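One structure is given below, encoded as C-alpha cells.
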Amino acid sequence: MKNKVLITASSVTLLLVIFFFTNYLFKPTSLYKMSFENIFRTLSAESNLVDSTRINKLNKTAFDLRLENPSKTIILADSSLKLAIIANYISGIGEAYRVKGIGYSNLNDIEQAVKYYIEALKYFRKKNDKIKQARVYNNIGLLYREINHQKALFYFNKALDISKKLNNKELIAGLYFNISYVLSKGKDTNKAKLYLEKSNEIFKSLEDTISMILYYQNLGVLNLKINQLEKGKKALFKAKSMAKGRNLYKILVGTNLTLTSIYIKEKKFYEAKKTIKEGIYYSNILKDSKIQYNFIYNLYQIEEAQNNHKKALQYLIKLHKIDSLLLSKNQTDNIGKTSSYYIQKQKIQENELTISKQKYKETLFWWILTIIFSLVLIISIIGVVIYFELKRKRKKKDIETATKIILLEQKTLQAMINPHFIFNILTTIQYFINKKNIQEANKILAIFSRLMRKHLELCLKISITLMEEIEYLSLYLSLEKIRFTEKMEYNFTVGNNIDVEEIVLPPMLIQPFIENAIWHGIMPKDTGGRIDIDFTCENDVLLIKITDNGIGISNSIKNKISGHISRGLELIQERVDLINMLNNRDISIKKIQMGNSGTEIVIQIPV
C-alpha cells in the first residue's frame, strides 16, 4: 500500500513538472518571459491601481505643450504611456502614442512621428474609437501637407467624414483649417479662404485661443499669395502679439518668415533684416537649424537684390556650413514607405503571436500523449522543438540583417550627395552668371551634369570597379576645387601593380571621408590645404589612404557642436560591418591623427 501511494505521488509530481516545463518552454505569456514590470502590470490591471484620470491629464498636458515645447511633449507622453500600459488602459495607450507622434512631428522627426501614429491607430481600432482614429488621420495629413498635397487632402477628408458623422466641432474646425492651408499652396486661394473662414467661425464659438492664433498666421500667408500685402501684415502682427504672450515660438518663427517674404516683396530690406534677426532669435530657442537656414537664405536673397555680391557669397558659404551640420539630421520624406514598414512590422508581430499560441496548444497535447508512451520520446520532442526554434530565430536574424543592410545601402547612397550640395552648386552657377562669367558657369554645369549621371549610374550597382570610383571622385573633387580655388588642392596616386578595371569594391565608399576631410579638416584652416588619395595593393588587399594636412581629428572635435556626429560616416561604418558579417569579408577602416594636425584614413579591402 505504501509503495502504491509513493508511485502515485511520484506520477502526479512528474506530470506537474512536465506540465510546468511545457508552459515554460512554449507558452508565449509564460512567467519566464515576463519581467517584474510585466508581472506588476498584470497585477495592477486586476486591482485597478492606476487612475485613468491621471493618464488623461498627462496626455492633455503633453498635447497643450506641443507648440511651446515639443521635447517636453514627448517626455510627458512617454510617462503617460508607461502608466497606461501598467493599467492596461487601451484608450490611454493609444492617445499617448498619438501625442508622442505629434511631439516628434513638431521636431521634424518624420520617421518617429509615423511610427507612433501607426501604433496609436492600432489601439484606437481595438476600442473602435472613431473620433480618435480621425485625429490620427488628421495628424498623418499634417505630415504630408508640405510634400504631397493630394495625399494630405485624402487624409484630411477621411478624418472630416468621420468628424461630421460624429458632429465633433473642434476636430471639424481643425480640419477646415488644415484643408485651407493645403489649398493655399495651390491655385485655389478663394476656396482656401472659404475653408479658413469656416474654421474661424467654429474656433470663435469654442473660444480656442491657440487655433485663433494659427488662423491669423494662415490668413497672413493667404493674403501674401493673393498680393494683399497690407492685410497680410495686419493678420501676421495680430498672430505675433497673441503668440508672444504664450511663448509659442514655433508660431513666432513662422510669422516672421512670412513677414520677411512680404518685406522683400515690398523691397523694404531694413524691415526684412530686422524681422529676420527676431526670427533667428526664436529659432535659437527652438534649436531648429532648418529654420535658421531659411532666414539666412532670405538674407542671401536681400544682398543679391541689392547687388551686394560679396556679402551674398558670405551668406552662401554660411548656408553650406549649416548644410554640413544638417546632414546627419536629414530624414526621408517618403512617409508612405515608412508607414507601410511599421504596419508590416505590426502584422508580423501579430502573426508570430498567433503562431506561438497555436504551437502552445499543439505542443501541450503532444506532451500529454508522450507521457503515456515514454519519457525518452518527450526529451526527443523537446530537442526537436528547440532545434527548429533556434533555426527559426537564426533565419529571422539573417532576414533582419539583410533588410538592415539594404536600408543602410539606400541611406548611405542618399547621404553621398544630399539636396543641399546640389542647391549650393546651382547657386554657385547662378553666382557666376550674375557676375557675367558665363565660361566658368558653363564649366561647372558640365562637370555637375556628369557627376549626377555618374551618381545615378552607380546607385543601381551592388559593386563597381576601381576605375568607376576614381572617375566619380575626380568629378566631385573638381567641383569642390572650382568652388574653393586656392583653398584646396588634391592628388590621386595609383600603384603600378593595380588593374583599375579588374578590382571591384562597394560603390561610393570613399566620398564621405573626402567630404569630411574638406569640411572638417581643410576649410577651418586659414591657409590652403591638400588631400592625397593613394591606391596600393599588397598581398591581395587594396589599401586606400586618404591623407589631408587639415586641423586634425582632435581640433575638429573641439570645433564641432557638442554631441554632433557625422551620420554619413556612421552609416558607412555600419554598412561595412554588415558586409563583413554577411560575406565573411574583412574590410577595415582606420583613422589616424598625423601629429598636431592632419588626418589619415586607411581603408583595407580584400580583393
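In the C-alpha cells, the first chain shown is A, the next is B, and so on; residue numbers restart at 1 for each chain, and ligands run from 1 in the order shown.
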Nearby residues (only C-alpha atoms) at most 10 Å from Leu248 (chain A), same-chain spacing under 2 positions excluded, as a ChimeraX atom specification: /A:65-69,210,213,240,242-246,250-253,282
Store the residues picked out above in a file with N, CA, C and O atoms, as an mmCIF file, in the first residue's frame.
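The resulting file, selection-v1.cif, is shown below:
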data_model
loop_
_atom_site.group_PDB
_atom_site.id
_atom_site.type_symbol
_atom_site.label_atom_id
_atom_site.label_comp_id
_atom_site.auth_asym_id
_atom_site.auth_seq_id
_atom_site.Cartn_x
_atom_site.Cartn_y
_atom_site.Cartn_z
ATOM 1 N N LEU A 65 1.399 71.381 -24.760
ATOM 2 C CA LEU A 65 2.767 71.915 -24.881
ATOM 3 C C LEU A 65 3.371 71.662 -26.260
ATOM 4 O O LEU A 65 4.540 71.957 -26.484
ATOM 5 N N ARG A 66 2.585 71.122 -27.206
ATOM 6 C CA ARG A 66 3.131 70.678 -28.496
ATOM 7 C C ARG A 66 3.812 71.781 -29.288
ATOM 8 O O ARG A 66 4.789 71.536 -29.991
ATOM 9 N N LEU A 67 3.276 73.027 -29.197
ATOM 10 C CA LEU A 67 3.866 74.141 -29.961
ATOM 11 C C LEU A 67 4.927 74.879 -29.154
ATOM 12 O O LEU A 67 5.915 75.358 -29.706
ATOM 13 N N GLU A 68 4.727 74.937 -27.851
ATOM 14 C CA GLU A 68 5.656 75.679 -26.986
ATOM 15 C C GLU A 68 6.929 74.889 -26.724
ATOM 16 O O GLU A 68 8.028 75.436 -26.768
ATOM 17 N N ASN A 69 6.792 73.586 -26.433
ATOM 18 C CA ASN A 69 7.953 72.766 -26.072
ATOM 19 C C ASN A 69 7.715 71.314 -26.490
ATOM 20 O O ASN A 69 7.340 70.468 -25.681
ATOM 21 N N ILE A 210 -5.426 79.235 -29.166
ATOM 22 C CA ILE A 210 -4.270 78.806 -29.971
ATOM 23 C C ILE A 210 -4.666 78.633 -31.436
ATOM 24 O O ILE A 210 -3.957 79.059 -32.346
ATOM 25 N N ILE A 213 -4.875 81.925 -33.104
ATOM 26 C CA ILE A 213 -3.543 82.448 -33.475
ATOM 27 C C ILE A 213 -3.103 81.827 -34.798
ATOM 28 O O ILE A 213 -2.613 82.521 -35.710
ATOM 29 N N LYS A 240 1.377 87.407 -34.082
ATOM 30 C CA LYS A 240 2.601 87.562 -33.293
ATOM 31 C C LYS A 240 2.307 88.059 -31.885
ATOM 32 O O LYS A 240 2.829 87.538 -30.895
ATOM 33 N N MET A 242 -0.384 87.792 -30.098
ATOM 34 C CA MET A 242 -1.065 86.769 -29.296
ATOM 35 C C MET A 242 -0.102 85.628 -28.933
ATOM 36 O O MET A 242 -0.158 85.080 -27.828
ATOM 37 N N ALA A 243 0.805 85.271 -29.852
ATOM 38 C CA ALA A 243 1.730 84.156 -29.612
ATOM 39 C C ALA A 243 2.810 84.518 -28.601
ATOM 40 O O ALA A 243 3.256 83.667 -27.827
ATOM 41 N N LYS A 244 3.238 85.803 -28.591
ATOM 42 C CA LYS A 244 4.305 86.216 -27.674
ATOM 43 C C LYS A 244 3.897 86.019 -26.220
ATOM 44 O O LYS A 244 4.705 85.610 -25.382
ATOM 45 N N GLY A 245 2.662 86.306 -25.911
ATOM 46 C CA GLY A 245 2.194 86.170 -24.527
ATOM 47 C C GLY A 245 2.162 84.723 -24.063
ATOM 48 O O GLY A 245 2.102 84.455 -22.860
ATOM 49 N N ARG A 246 2.200 83.777 -24.992
ATOM 50 C CA ARG A 246 2.121 82.357 -24.630
ATOM 51 C C ARG A 246 3.397 81.596 -24.977
ATOM 52 O O ARG A 246 3.435 80.367 -24.878
ATOM 53 N N LYS A 250 7.282 78.379 -32.129
ATOM 54 C CA LYS A 250 7.154 77.814 -33.480
ATOM 55 C C LYS A 250 6.274 78.707 -34.357
ATOM 56 O O LYS A 250 6.564 78.945 -35.527
ATOM 57 N N ILE A 251 5.181 79.243 -33.763
ATOM 58 C CA ILE A 251 4.300 80.155 -34.500
ATOM 59 C C ILE A 251 5.025 81.474 -34.767
ATOM 60 O O ILE A 251 4.926 82.050 -35.857
ATOM 61 N N LEU A 252 5.772 81.952 -33.762
ATOM 62 C CA LEU A 252 6.509 83.212 -33.918
ATOM 63 C C LEU A 252 7.530 83.108 -35.049
ATOM 64 O O LEU A 252 7.709 84.039 -35.835
ATOM 65 N N VAL A 253 8.199 81.963 -35.145
ATOM 66 C CA VAL A 253 9.165 81.749 -36.225
ATOM 67 C C VAL A 253 8.459 81.771 -37.583
ATOM 68 O O VAL A 253 8.909 82.405 -38.536
ATOM 69 N N TYR A 282 14.239 83.417 -32.122
ATOM 70 C CA TYR A 282 13.270 82.392 -31.720
ATOM 71 C C TYR A 282 13.695 81.004 -32.193
ATOM 72 O O TYR A 282 13.477 80.003 -31.498
#
Would you kindly return, as a PDB file with N, CA, C and O atoms, in the first residue's frame, each protein, DNA or RNA residue with an atom no farther than 9 Å from any atom of Pro507 (chain A), considering only C-alpha atoms and excluding same-chain residues fewer than 6 positions away?
ATOM      1  N   LEU A 413      23.894  55.812 -49.782  1.00  0.00           N
ATOM      2  CA  LEU A 413      23.968  56.386 -51.124  1.00  0.00           C
ATOM      3  C   LEU A 413      23.262  57.730 -51.190  1.00  0.00           C
ATOM      4  O   LEU A 413      23.687  58.642 -51.888  1.00  0.00           O
ATOM      5  N   LEU A 458      25.870  54.654 -60.560  1.00  0.00           N
ATOM      6  CA  LEU A 458      26.483  53.843 -59.507  1.00  0.00           C
ATOM      7  C   LEU A 458      25.484  53.390 -58.461  1.00  0.00           C
ATOM      8  O   LEU A 458      25.668  52.365 -57.811  1.00  0.00           O
ATOM      9  N   CYS A 459      24.406  54.204 -58.249  1.00  0.00           N
ATOM     10  CA  CYS A 459      23.394  53.856 -57.239  1.00  0.00           C
ATOM     11  C   CYS A 459      22.705  52.537 -57.546  1.00  0.00           C
ATOM     12  O   CYS A 459      22.169  51.887 -56.646  1.00  0.00           O
ATOM     13  N   LYS A 461      24.144  49.842 -58.758  1.00  0.00           N
ATOM     14  CA  LYS A 461      25.071  48.710 -58.753  1.00  0.00           C
ATOM     15  C   LYS A 461      25.384  48.256 -57.327  1.00  0.00           C
ATOM     16  O   LYS A 461      25.443  49.062 -56.410  1.00  0.00           O
ATOM     17  N   ILE A 462      25.595  46.931 -57.166  1.00  0.00           N
ATOM     18  CA  ILE A 462      26.000  46.381 -55.871  1.00  0.00           C
ATOM     19  C   ILE A 462      27.501  46.572 -55.672  1.00  0.00           C
ATOM     20  O   ILE A 462      27.966  46.844 -54.576  1.00  0.00           O
ATOM     21  N   SER A 463      28.278  46.429 -56.745  1.00  0.00           N
ATOM     22  CA  SER A 463      29.723  46.662 -56.681  1.00  0.00           C
ATOM     23  C   SER A 463      30.170  47.354 -57.974  1.00  0.00           C
ATOM     24  O   SER A 463      29.507  47.243 -59.002  1.00  0.00           O
ATOM     25  N   ILE A 464      31.277  48.074 -57.883  1.00  0.00           N
ATOM     26  CA  ILE A 464      31.787  48.833 -59.028  1.00  0.00           C
ATOM     27  C   ILE A 464      33.292  48.609 -59.152  1.00  0.00           C
ATOM     28  O   ILE A 464      33.953  48.159 -58.204  1.00  0.00           O
ATOM     29  N   THR A 465      33.845  48.943 -60.324  1.00  0.00           N
ATOM     30  CA  THR A 465      35.293  48.838 -60.492  1.00  0.00           C
ATOM     31  C   THR A 465      35.977  50.039 -59.862  1.00  0.00           C
ATOM     32  O   THR A 465      35.364  51.083 -59.637  1.00  0.00           O
ATOM     33  N   GLU A 468      35.696  53.162 -62.000  1.00  0.00           N
ATOM     34  CA  GLU A 468      34.452  53.930 -61.858  1.00  0.00           C
ATOM     35  C   GLU A 468      34.478  54.799 -60.601  1.00  0.00           C
ATOM     36  O   GLU A 468      34.026  55.930 -60.603  1.00  0.00           O
ATOM     37  N   GLU A 469      35.023  54.250 -59.495  1.00  0.00           N
ATOM     38  CA  GLU A 469      35.098  55.004 -58.239  1.00  0.00           C
ATOM     39  C   GLU A 469      36.010  56.224 -58.392  1.00  0.00           C
ATOM     40  O   GLU A 469      35.672  57.325 -57.932  1.00  0.00           O
TER      41      GLU A 469
END
Pairwise distance for CA of Met452 (chain A) and CA of Ile518 (chain A), rounded to one decimal in Å: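 Between these atoms lies a distance of 20.1 Å.
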Identify, with DSSP run on backbone atoms, the residues in region 405-583 of chain A assigned to strand (DSSP E or B), and express the list as a PDB file with N, CA and C atoms, in the first residue's frame.
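Output contents, as saved in part.pdb:
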ATOM      1  N   ILE A 464      31.277  48.074 -57.883  1.00  0.00           N
ATOM      2  CA  ILE A 464      31.787  48.833 -59.028  1.00  0.00           C
ATOM      3  C   ILE A 464      33.292  48.609 -59.152  1.00  0.00           C
ATOM      4  N   THR A 465      33.845  48.943 -60.324  1.00  0.00           N
ATOM      5  CA  THR A 465      35.293  48.838 -60.492  1.00  0.00           C
ATOM      6  C   THR A 465      35.977  50.039 -59.862  1.00  0.00           C
ATOM      7  N   MET A 488      42.064  74.703 -51.616  1.00  0.00           N
ATOM      8  CA  MET A 488      42.153  73.241 -51.603  1.00  0.00           C
ATOM      9  C   MET A 488      42.898  72.721 -52.824  1.00  0.00           C
ATOM     10  N   GLU A 489      43.804  71.744 -52.599  1.00  0.00           N
ATOM     11  CA  GLU A 489      44.489  71.007 -53.667  1.00  0.00           C
ATOM     12  C   GLU A 489      44.242  69.525 -53.440  1.00  0.00           C
ATOM     13  N   TYR A 490      44.304  68.725 -54.516  1.00  0.00           N
ATOM     14  CA  TYR A 490      44.130  67.279 -54.341  1.00  0.00           C
ATOM     15  C   TYR A 490      44.960  66.528 -55.379  1.00  0.00           C
ATOM     16  N   ASN A 491      45.226  65.229 -55.058  1.00  0.00           N
ATOM     17  CA  ASN A 491      46.035  64.421 -55.972  1.00  0.00           C
ATOM     18  C   ASN A 491      45.665  62.947 -55.810  1.00  0.00           C
ATOM     19  N   PHE A 492      45.598  62.213 -56.946  1.00  0.00           N
ATOM     20  CA  PHE A 492      45.358  60.770 -56.940  1.00  0.00           C
ATOM     21  C   PHE A 492      46.667  60.054 -57.304  1.00  0.00           C
ATOM     22  N   THR A 493      46.959  58.950 -56.591  1.00  0.00           N
ATOM     23  CA  THR A 493      48.103  58.101 -56.925  1.00  0.00           C
ATOM     24  C   THR A 493      47.635  56.660 -56.964  1.00  0.00           C
ATOM     25  N   VAL A 494      47.917  55.952 -58.090  1.00  0.00           N
ATOM     26  CA  VAL A 494      47.513  54.556 -58.243  1.00  0.00           C
ATOM     27  C   VAL A 494      48.763  53.716 -58.456  1.00  0.00           C
ATOM     28  N   VAL A 504      37.221  45.258 -57.850  1.00  0.00           N
ATOM     29  CA  VAL A 504      35.869  45.736 -57.546  1.00  0.00           C
ATOM     30  C   VAL A 504      35.740  46.033 -56.048  1.00  0.00           C
ATOM     31  N   LEU A 505      34.844  46.960 -55.703  1.00  0.00           N
ATOM     32  CA  LEU A 505      34.606  47.359 -54.316  1.00  0.00           C
ATOM     33  C   LEU A 505      33.178  47.883 -54.187  1.00  0.00           C
ATOM     34  N   GLY A 529      44.851  73.961 -48.105  1.00  0.00           N
ATOM     35  CA  GLY A 529      45.090  72.595 -47.671  1.00  0.00           C
ATOM     36  C   GLY A 529      45.200  71.656 -48.864  1.00  0.00           C
ATOM     37  N   ARG A 530      45.555  70.403 -48.549  1.00  0.00           N
ATOM     38  CA  ARG A 530      45.781  69.422 -49.619  1.00  0.00           C
ATOM     39  C   ARG A 530      45.236  68.060 -49.191  1.00  0.00           C
ATOM     40  N   ILE A 531      44.658  67.334 -50.156  1.00  0.00           N
ATOM     41  CA  ILE A 531      44.180  65.974 -49.917  1.00  0.00           C
ATOM     42  C   ILE A 531      44.866  65.047 -50.914  1.00  0.00           C
ATOM     43  N   ASP A 532      45.462  63.959 -50.401  1.00  0.00           N
ATOM     44  CA  ASP A 532      46.083  62.942 -51.247  1.00  0.00           C
ATOM     45  C   ASP A 532      45.316  61.643 -51.110  1.00  0.00           C
ATOM     46  N   ILE A 533      44.958  61.042 -52.261  1.00  0.00           N
ATOM     47  CA  ILE A 533      44.255  59.755 -52.262  1.00  0.00           C
ATOM     48  C   ILE A 533      45.155  58.747 -52.973  1.00  0.00           C
ATOM     49  N   ASP A 534      45.679  57.773 -52.192  1.00  0.00           N
ATOM     50  CA  ASP A 534      46.621  56.787 -52.729  1.00  0.00           C
ATOM     51  C   ASP A 534      45.978  55.406 -52.758  1.00  0.00           C
ATOM     52  N   PHE A 535      46.151  54.688 -53.893  1.00  0.00           N
ATOM     53  CA  PHE A 535      45.656  53.326 -54.040  1.00  0.00           C
ATOM     54  C   PHE A 535      46.849  52.409 -54.258  1.00  0.00           C
ATOM     55  N   THR A 536      47.061  51.427 -53.351  1.00  0.00           N
ATOM     56  CA  THR A 536      48.122  50.437 -53.495  1.00  0.00           C
ATOM     57  C   THR A 536      47.534  49.059 -53.232  1.00  0.00           C
ATOM     58  N   CYS A 537      48.261  48.018 -53.651  1.00  0.00           N
ATOM     59  CA  CYS A 537      47.777  46.649 -53.456  1.00  0.00           C
ATOM     60  C   CYS A 537      48.909  45.804 -52.905  1.00  0.00           C
ATOM     61  N   GLU A 538      48.663  45.193 -51.720  1.00  0.00           N
ATOM     62  CA  GLU A 538      49.654  44.339 -51.073  1.00  0.00           C
ATOM     63  C   GLU A 538      48.973  43.072 -50.580  1.00  0.00           C
ATOM     64  N   VAL A 541      45.288  42.656 -50.951  1.00  0.00           N
ATOM     65  CA  VAL A 541      44.498  43.623 -50.174  1.00  0.00           C
ATOM     66  C   VAL A 541      44.686  45.009 -50.784  1.00  0.00           C
ATOM     67  N   LEU A 542      43.553  45.638 -51.171  1.00  0.00           N
ATOM     68  CA  LEU A 542      43.595  47.005 -51.703  1.00  0.00           C
ATOM     69  C   LEU A 542      43.681  47.987 -50.533  1.00  0.00           C
ATOM     70  N   LEU A 543      44.759  48.803 -50.518  1.00  0.00           N
ATOM     71  CA  LEU A 543      44.942  49.820 -49.473  1.00  0.00           C
ATOM     72  C   LEU A 543      44.592  51.190 -50.047  1.00  0.00           C
ATOM     73  N   ILE A 544      43.633  51.859 -49.414  1.00  0.00           N
ATOM     74  CA  ILE A 544      43.243  53.207 -49.834  1.00  0.00           C
ATOM     75  C   ILE A 544      43.602  54.166 -48.698  1.00  0.00           C
ATOM     76  N   LYS A 545      44.485  55.122 -48.981  1.00  0.00           N
ATOM     77  CA  LYS A 545      44.881  56.110 -47.962  1.00  0.00           C
ATOM     78  C   LYS A 545      44.393  57.495 -48.371  1.00  0.00           C
ATOM     79  N   ILE A 546      43.614  58.108 -47.490  1.00  0.00           N
ATOM     80  CA  ILE A 546      43.118  59.477 -47.713  1.00  0.00           C
ATOM     81  C   ILE A 546      43.810  60.365 -46.690  1.00  0.00           C
ATOM     82  N   THR A 547      44.753  61.178 -47.146  1.00  0.00           N
ATOM     83  CA  THR A 547      45.570  61.986 -46.230  1.00  0.00           C
ATOM     84  C   THR A 547      45.302  63.465 -46.469  1.00  0.00           C
ATOM     85  N   ASP A 548      45.069  64.224 -45.391  1.00  0.00           N
ATOM     86  CA  ASP A 548      44.924  65.675 -45.517  1.00  0.00           C
ATOM     87  C   ASP A 548      45.821  66.379 -44.507  1.00  0.00           C
TER      88      ASP A 548
END
Secondary structure check, alpha helix (DSSP H) residues of region 482-591 of chain A, as an NGL selection string: :A and (482-484 or 511-516 or 553-559 or 567-583)
The selected residues should be written to file as a compact mmCIF listing (two decimals), in the first residue's frame (atoms: N, CA and C atoms).
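As a result, out.txt now contains:
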# COMPACT_ATOMS: atom_id res chain seq x y z
N ILE A 482 36.82 74.02 -57.94
CA ILE A 482 36.34 75.24 -58.61
C ILE A 482 35.74 76.19 -57.59
N ARG A 483 34.99 75.63 -56.62
CA ARG A 483 34.30 76.47 -55.64
C ARG A 483 35.27 77.13 -54.66
N PHE A 484 36.34 76.40 -54.28
CA PHE A 484 37.21 76.93 -53.23
C PHE A 484 38.61 77.31 -53.73
N GLN A 511 33.87 58.59 -50.81
CA GLN A 511 33.46 60.01 -50.89
C GLN A 511 33.16 60.69 -49.56
N PRO A 512 32.45 60.01 -48.61
CA PRO A 512 32.16 60.68 -47.33
C PRO A 512 33.41 61.09 -46.56
N PHE A 513 34.50 60.27 -46.66
CA PHE A 513 35.73 60.59 -45.94
C PHE A 513 36.42 61.80 -46.58
N ILE A 514 36.34 61.88 -47.91
CA ILE A 514 36.93 63.05 -48.58
C ILE A 514 36.16 64.30 -48.23
N GLU A 515 34.82 64.21 -48.26
CA GLU A 515 33.97 65.35 -47.88
C GLU A 515 34.26 65.80 -46.45
N ASN A 516 34.43 64.82 -45.56
CA ASN A 516 34.73 65.11 -44.14
C ASN A 516 36.08 65.83 -44.03
N ILE A 553 42.03 65.53 -36.19
CA ILE A 553 40.81 65.00 -35.58
C ILE A 553 40.50 65.71 -34.28
N SER A 554 41.51 65.86 -33.39
CA SER A 554 41.26 66.44 -32.06
C SER A 554 40.76 67.88 -32.17
N ASN A 555 41.38 68.68 -33.04
CA ASN A 555 40.94 70.08 -33.20
C ASN A 555 39.57 70.15 -33.84
N SER A 556 39.30 69.23 -34.78
CA SER A 556 37.99 69.21 -35.43
C SER A 556 36.89 68.92 -34.44
N ILE A 557 37.14 67.97 -33.50
CA ILE A 557 36.14 67.63 -32.48
C ILE A 557 35.86 68.84 -31.60
N LYS A 558 36.89 69.61 -31.24
CA LYS A 558 36.70 70.81 -30.40
C LYS A 558 35.84 71.85 -31.11
N ASN A 559 36.01 71.95 -32.44
CA ASN A 559 35.27 72.97 -33.20
C ASN A 559 33.81 72.62 -33.42
N ARG A 567 26.54 61.60 -39.48
CA ARG A 567 25.69 60.43 -39.71
C ARG A 567 26.15 59.69 -40.97
N GLY A 568 26.70 60.43 -41.96
CA GLY A 568 27.19 59.80 -43.17
C GLY A 568 28.31 58.81 -42.87
N LEU A 569 29.28 59.20 -42.00
CA LEU A 569 30.39 58.32 -41.64
C LEU A 569 29.90 57.16 -40.79
N GLU A 570 28.94 57.41 -39.91
CA GLU A 570 28.34 56.33 -39.10
C GLU A 570 27.72 55.27 -40.01
N LEU A 571 26.95 55.72 -41.02
CA LEU A 571 26.29 54.79 -41.94
C LEU A 571 27.31 53.96 -42.72
N ILE A 572 28.42 54.58 -43.12
CA ILE A 572 29.47 53.86 -43.85
C ILE A 572 30.02 52.73 -42.97
N GLN A 573 30.30 53.04 -41.67
CA GLN A 573 30.86 52.03 -40.76
C GLN A 573 29.87 50.90 -40.54
N GLU A 574 28.58 51.23 -40.33
CA GLU A 574 27.56 50.20 -40.13
C GLU A 574 27.44 49.33 -41.39
N ARG A 575 27.49 49.99 -42.53
CA ARG A 575 27.37 49.27 -43.81
C ARG A 575 28.54 48.30 -43.98
N VAL A 576 29.77 48.74 -43.66
CA VAL A 576 30.95 47.88 -43.76
C VAL A 576 30.84 46.69 -42.81
N ASP A 577 30.39 46.94 -41.56
CA ASP A 577 30.24 45.86 -40.58
C ASP A 577 29.28 44.79 -41.08
N LEU A 578 28.16 45.22 -41.68
CA LEU A 578 27.17 44.26 -42.17
C LEU A 578 27.68 43.48 -43.40
N ILE A 579 28.41 44.16 -44.28
CA ILE A 579 29.01 43.48 -45.45
C ILE A 579 29.99 42.42 -44.98
N ASN A 580 30.82 42.78 -43.98
CA ASN A 580 31.79 41.82 -43.43
C ASN A 580 31.08 40.60 -42.83
N MET A 581 29.95 40.87 -42.10
CA MET A 581 29.23 39.78 -41.43
C MET A 581 28.59 38.83 -42.45
N LEU A 582 27.94 39.39 -43.49
CA LEU A 582 27.21 38.57 -44.45
C LEU A 582 28.13 37.84 -45.43
N ASN A 583 29.21 38.50 -45.86
CA ASN A 583 30.05 37.95 -46.93
C ASN A 583 31.40 37.42 -46.43
